[in-house]
Amino acid sequence: MSRARRTTVIAATCLTVSMGASILLLRHIDRIRPQATIEDVLYVNSPSVVKRASLGFDGLMACIYWTRTVQYFGHRHFELAHTYNELAPLLEITTTLDPHLVPAYEFGASFLAPQPPNGAGEPVRAVQLMQYGIEHNPDNWRLYYDLGFVYYTELKDYRNAAATFERGSKVPNAHPFMKIMAAQMATHAGDFATARMLWTATYESSSESSIKENAITHLRAIRVDEDITHLEEAVARYRERNGVVPISMSEVIAAEHIPGVPVDPDGNPYVLSWDGQVQLQNPDDFPFITKGLPPGYIPSKPKFHSKG
């Protein structure tokens with residue numbers, strides 16, 4: 001048998017043994033909590049227990065647990081769940097097994113930080129996750145960016161956001177916009193322009209299609225929130241001048257000399273309710289919006305679209 005052939009056989013044997021070992025390990029770990037619910041049955045919550053049980057296959061187990069994390073989040077998100085109790089423990093297990101698995105931090109923060117049903121509503125846990133990631137990957141400027149992002153978007157902690165962007169700007173090969181963001185946090189934190197700049201930077205700096213899509217979704221939401229804010233101000237001025245609520249958007253358009261009918265990013269006109277509230281026609285098309293929702297609005301489950 002040639003040396004190349006022998007090497008191939010040995011590598012294949014090792015891979016088979018590794019996969020077999022991982023299956024046995026998973027079965028062993030899954031039996032640790034035999035009374036768990038369907039949601040919790042796949043794992044224990046202790047990273048140290050899983051690490052000891054991995055028998056040295058830390059990298060392989062990290063990949064398996066990361067896959068489970070994505071599956072868990074995807075299932076809960078599709079069901080519009082308002083609890084993601086196992087998400088943080090799954091991420092902690094994954095990153096304890098492999099502290100250098102950068103996607104677990106980048107995507108994990110976006111899973112943890114937003115409020116339900118778009119995420120777990122645990123921005124503090126997201127911050128802890130990112131800080132752990134930076135501790136073990138100090139030269140990855142994107143992790144500083146993601147941490148600053150959580151401070152800005154979810155915690156409204158502009159001081160820590162600015163400090164984090166500033167620290168990240170000093171990392172070798174950091175993108176130049178890190179310094180711009182640090183300055184922007186200090187002077188214009190909390191406005192639409194800053195939020196738009198952050199999400200635009202996310203879109204332009206990432207090669208991951210899911211991150212780009214998420215950025216576009218947020219940019220659409222920002223435009224809606226900004227549009228509706230301006231229209232609400234116009235309605236308030238109309239009420240102040242005339243002493244009554246306008247009965248239609250056309251009255252607001254005429255009174256404010258608005259050029260054309262205000263429309264959302266999909267081209268649908270904004271509508272005015274009987275009590276003067278500006279609303280969207282199709283709010284399900286704009287996750288992350290904070291304005292324009294009808295009273296008692298409950299989002300529909302996301303739809304799957306085939307691509308071909």
# chains A, B, ... in the order shown; residues from 1 in each chain; ligands from 1
call {"tool": "residues_around", "arguments": {"residues": "Glu154 of chain A", "least_positions_apart": "6", "cutoff": "10 Å", "atoms": "only C-alpha atoms", "output": "VMD selection string"}}
result
chain A and resid 113 to 115 121 to 124 126
call {"tool": "closest_residue", "arguments": {"among": "A:Ile289, A:Leu147, A:Met185, A:Leu90", "to": "Thr164 of chain A", "atoms": "only C-alpha atoms"}}
result
A:Leu147
call {"tool": "atom_distance", "arguments": {"atom1": "atom CA of Met181 of chain A", "atom2": "atom CA of Ala195 of chain A"}}
result
10.2 Å
call {"tool": "residues_around", "arguments": {"residues": "Val235 of chain A", "least_positions_apart": "5", "cutoff": "8 Å", "atoms": "only C-alpha atoms", "output": "list in words"}}
result
Val245, Pro246, Val252 and Gly276 of chain A
call {"tool": "atom_distance", "arguments": {"atom1": "atom CA of Glu135 of chain A", "atom2": "atom CA of Trp199 of chain A"}}
result
24.8 Å
call {"tool": "select_by_dssp", "arguments": {"residues": "segment 138-298 of chain A", "states": "helix (DSSP H, G or I)", "output": "number ranges by chain"}}
result
A: 141-153, 158-169, 177-188, 192-205, 209-242, 249-256, 283-285
call {"tool": "residues_around", "arguments": {"residues": "segment 220-226 of chain A", "least_positions_apart": "2", "cutoff": "6 Å", "atoms": "only C-alpha atoms", "output": "list in words"}}
result
Thr217, His218, Ile228, Thr229, Phe286, Phe288, Ile289 and Lys291 of chain A
call {"tool": "residues_around", "arguments": {"residues": "Arg125 of chain A", "least_positions_apart": "6", "cutoff": "10 Å", "atoms": "only C-alpha atoms", "output": "list of chain:residue names"}}
result
A:Ala88, A:Pro89, A:Glu92, A:Gly108, A:Ala109, A:Leu112, A:Ala113, A:Gln131
call {"tool": "residues_around", "arguments": {"residues": "Asp264 of chain A", "least_positions_apart": "3", "cutoff": "9 Å", "atoms": "only C-alpha atoms", "output": "mmCIF file with N, CA and C atoms, in the first residue's frame"}}
result
data_model
loop_
_atom_site.group_PDB
_atom_site.id
_atom_site.type_symbol
_atom_site.label_atom_id
_atom_site.label_comp_id
_atom_site.auth_asym_id
_atom_site.auth_seq_id
_atom_site.Cartn_x
_atom_site.Cartn_y
_atom_site.Cartn_z
ATOM 1 N N ARG A 220 -34.713 48.965 6.983
ATOM 2 C CA ARG A 220 -36.113 49.190 6.605
ATOM 3 C C ARG A 220 -36.928 49.649 7.817
ATOM 4 N N ARG A 223 -36.198 53.291 8.655
ATOM 5 C CA ARG A 223 -36.896 54.230 7.774
ATOM 6 C C ARG A 223 -38.357 54.368 8.175
ATOM 7 N N VAL A 224 -39.006 53.243 8.504
ATOM 8 C CA VAL A 224 -40.411 53.296 8.916
ATOM 9 C C VAL A 224 -40.560 54.124 10.184
ATOM 10 N N ASP A 227 -40.041 57.776 9.327
ATOM 11 C CA ASP A 227 -41.189 58.316 8.578
ATOM 12 C C ASP A 227 -42.368 58.599 9.506
ATOM 13 N N GLY A 267 -43.621 50.731 -0.742
ATOM 14 C CA GLY A 267 -44.467 51.537 -1.620
ATOM 15 C C GLY A 267 -45.918 51.624 -1.200
ATOM 16 N N ASN A 268 -46.260 51.096 -0.017
ATOM 17 C CA ASN A 268 -47.639 51.161 0.460
ATOM 18 C C ASN A 268 -47.848 52.437 1.278
ATOM 19 N N PRO A 269 -48.909 53.204 1.001
ATOM 20 C CA PRO A 269 -49.135 54.448 1.741
ATOM 21 C C PRO A 269 -49.352 54.187 3.236
ATOM 22 N N TYR A 270 -48.800 55.080 4.052
ATOM 23 C CA TYR A 270 -49.131 55.050 5.472
ATOM 24 C C TYR A 270 -50.586 55.463 5.631
ATOM 25 N N LEU A 280 -48.987 51.365 9.693
ATOM 26 C CA LEU A 280 -48.590 50.632 8.498
ATOM 27 C C LEU A 280 -49.728 49.753 8.012
ATOM 28 N N GLN A 281 -49.773 49.526 6.702
ATOM 29 C CA GLN A 281 -50.757 48.601 6.168
ATOM 30 C C GLN A 281 -50.357 47.152 6.420
#
call {"tool": "residues_around", "arguments": {"residues": "Ser248 of chain A", "least_positions_apart": "5", "cutoff": "8 Å", "atoms": "only C-alpha atoms", "output": "list in words"}}
result
Val271, Leu272 and Ser273 of chain A
call {"tool": "closest_residue", "arguments": {"among": "A:Pro99, A:Pro295, A:Gly148, A:Gly243", "to": "Ser169 of chain A", "atoms": "only C-alpha atoms"}}
result
A:Gly148
call {"tool": "atom_distance", "arguments": {"atom1": "atom CA of Ala161 of chain A", "atom2": "atom CA of Val127 of chain A"}}
result
11.0 Å
